[in-house]
Amino acid sequence: VFEGFAVYLLPKLLGSRDLAFPRLTAYGFWCYVFGGSMMIFSLLWGIAPDSGWFMYPPLSSTLGAPGINSDFWLIGITFVEISAIAAAVEITVTVLRYRAPGMSLSKMPIFAWYALVTAVMILTGFPPLILGSILLELERAFDMPFFQAAAGGDALLWQHLFWLFGHPEVYIIFLPAAGAISTILPVMARTGLLGYGWIVAAAVALGVLSFGLWVHHMFTTGIPHLGLAFFSAASTLVAVPTAVQLFIWIGTLAKGAPRLHLPMLWLLAFFATFVIGGLTGVMVAIVPFDWQVHDTYFIVAHLHYVLIGGFVFPMLAALYYWLPHFTGRKTYFNLGPTAFWLVVIGFHGTFLLLHWAGLLGMRRRIDSFEPGQGWEAINLIASVSSFVMAIGFALIAIDVIVSVLASVRGSRDPWGGSTLDWAMPTPPAAYNFASLPEVSARDPLWADPDLPAKIARGEGYLGDWARDRRETLTVEVTTGAPRYVVVFPANTGFPMAMSAVTGLFFLGLLTKAYWLVPLAL
């Protein structure tokens, strides 16, 4: 979801006509389609992965999971992660070099900073899982003893490799949502973002610290006490940059005059929900407490408060905020407020009491339990509330579809946004900008309300470009001074063909038809 938003929005936010490497983007997209299809087809064929989403050995070994079910996970995930890494390369280069002239690092849209940090985290955090998946697949296919204790391997090695990816992934999910919050909230509050430098530093610090927390998930595996103390302290320390961001957002609201439009409602829901998830995260960072609640429904509740509160709610705000830009239509969102309250009430009804169920000893991953343990009422409330939440999400889908299909043409900038994405006609043309704007302020549309008209008249850079030439400018990394013109390549089916060949390579590994592998290479 993040990379889809980033691939679409970043050129518009940065004042560029396209991403740095359009063919790499296309290749990554088709890798995602083919790899994701492989995972979905495993469900349809009845051979879906059956060793848990974390694939711990020996449950995922050939003894614990014979057949190719687990191979679908190992190979399909690796295939999909190629697309994620391709997009991360694209985002990194685009943010650093493909910006509007004059847009120095200190004038970049805050969403671009979050996208850059997230992309670097993907480039750093995804290779350990790819390595682990390759090693586990080699063990399953050729009996190489990487994780089999009886053969000299170490099952705990998989957990280290997996959580080196898995815990940064939590922040890879959260940071783009935080970037959306930092973009939308000042517009809703009608004031500039308070503490721009501090929030950039907090995002970078959060990205760096996230790679020192992976043992947070392994406190019950027999880690030496010195290691437990270090990772417990690191897990607690990560709350500091998170709190910095929260206080900056609250300060921005206090500084401005917030308008309770639908995106703002979802941001308020984020604040209430994410704070609960963050506080319970600090609780499980304390080793003795984690020993008591590990693998209970307390962890299930904490995870959903972090992921749904920290990602889904902000991304719903982003959907409602940018939908007029995507479609060029006036949106009414008649069902939006009703859907909002159904989702928020249903969510808290589903997951809030599950904290208590976990404290009462209810283990996760069970489908039944003996009566008389005090869990019945909690599970009944959670079950009913989950249906309420599902109805709310269904209403959101209906609301968005109706707004897209039945609305009339709307204004270019219904929210009064400050970033360059609102300086173009909506929906945007394929080339984004008729001319490339020169940026002199962090909020260019607030600094120069006539900027959209100037861009349309061709008063910026490359305003006289030939329509059959795809041109844009690159800039110096720090100052944003223009460097040289780049001509983008023409349309081609080559990226799709190359991703199909990559898929043939993975298909050969999956089906043990190894003669396909050299053909793909």
# chains A, B, ... in the order shown; residues from 1 in each chain; ligands from 1

$ residues_around --residues "Tyr305 of chain A" --least-positions-apart "4" --cutoff "7 Å" --atoms "only C-alpha atoms" --output "MDAnalysis selection string"
chainID A and resid 273:274 276:277 301 309

$ closest_atom_pairs --of "segment 330-425 of chain A" --to "segment 443-446 of chain A" --cutoff "7 Å" --atoms "only C-alpha atoms" --output "tab-separated table"
residue	atom	partner	partner_atom	distance
A:Ser418	CA	A:Leu445	CA	4.7
A:Thr419	CA	A:Asp443	CA	5.9
A:Leu420	CA	A:Leu445	CA	6.8

$ residues_around --residues "segment 233-241 of chain A" --least-positions-apart "5" --cutoff "12 Å" --atoms "only C-alpha atoms" --output "PyMOL selection string"
chain A and resi 167-168+171+175+178+198-217+219+226-228+246-248+274-275+277-287+290

$ residues_around --residues "Ile250 of chain A" --least-positions-apart "5" --cutoff "12 Å" --atoms "only C-alpha atoms" --output "PyMOL selection string"
chain A and resi 181-182+185-186+189+193-195+243-245+255-258+267-268+271-272

$ write_last_selection --atoms "C-alpha atoms" --output "CSV table (one decimal), in the first residue's frame"
chain,number,residue,atom,x,y,z
A,181,ILE,CA,-0.4,12.4,9.0
A,182,SER,CA,2.3,15.0,8.8
A,185,LEU,CA,-2.8,17.4,9.6
A,186,PRO,CA,-1.3,20.9,8.9
A,189,ALA,CA,-5.3,22.7,11.0
A,193,LEU,CA,3.8,21.8,10.5
A,194,LEU,CA,5.4,22.6,13.9
A,195,GLY,CA,9.0,21.4,14.3
A,243,ALA,CA,6.6,10.4,21.3
A,244,VAL,CA,8.4,13.4,19.6
A,245,GLN,CA,6.2,12.9,16.5
A,255,LYS,CA,-1.2,26.1,17.0
A,256,GLY,CA,-3.9,26.0,14.2
A,257,ALA,CA,-7.7,25.9,13.9
A,258,PRO,CA,-8.5,22.3,13.0
A,267,LEU,CA,-6.5,11.2,12.4
A,268,LEU,CA,-8.2,11.7,15.7
A,271,PHE,CA,-4.2,9.4,18.1
A,272,ALA,CA,-6.5,7.5,20.6

$ closest_residue --among "A:Val117, A:Ala339, A:Val475, A:Ile184" --to "Tyr98 of chain A" --atoms "only C-alpha atoms"
A:Val475

$ closest_residue --among "A:Pro337, A:Gly102, A:Pro288, A:Pro58" --to "Ala150 of chain A" --atoms "only C-alpha atoms"
A:Pro58

$ atom_distance --atom1 "atom CA of Ala119 of chain A" --atom2 "atom CA of Leu10 of chain A"
12.4 Å

$ residues_around --residues "segment 499-510 of chain A" --least-positions-apart "2" --cutoff "12 Å" --atoms "only C-alpha atoms" --output "count of residues only"
56

$ closest_residue --among "A:Ala177, A:Ser386, A:Met218, A:Leu44" --to "Val306 of chain A" --atoms "only C-alpha atoms"
A:Ala177

$ atom_distance --atom1 "atom CA of Phe162 of chain A" --atom2 "atom CA of Gly52 of chain A"
12.7 Å
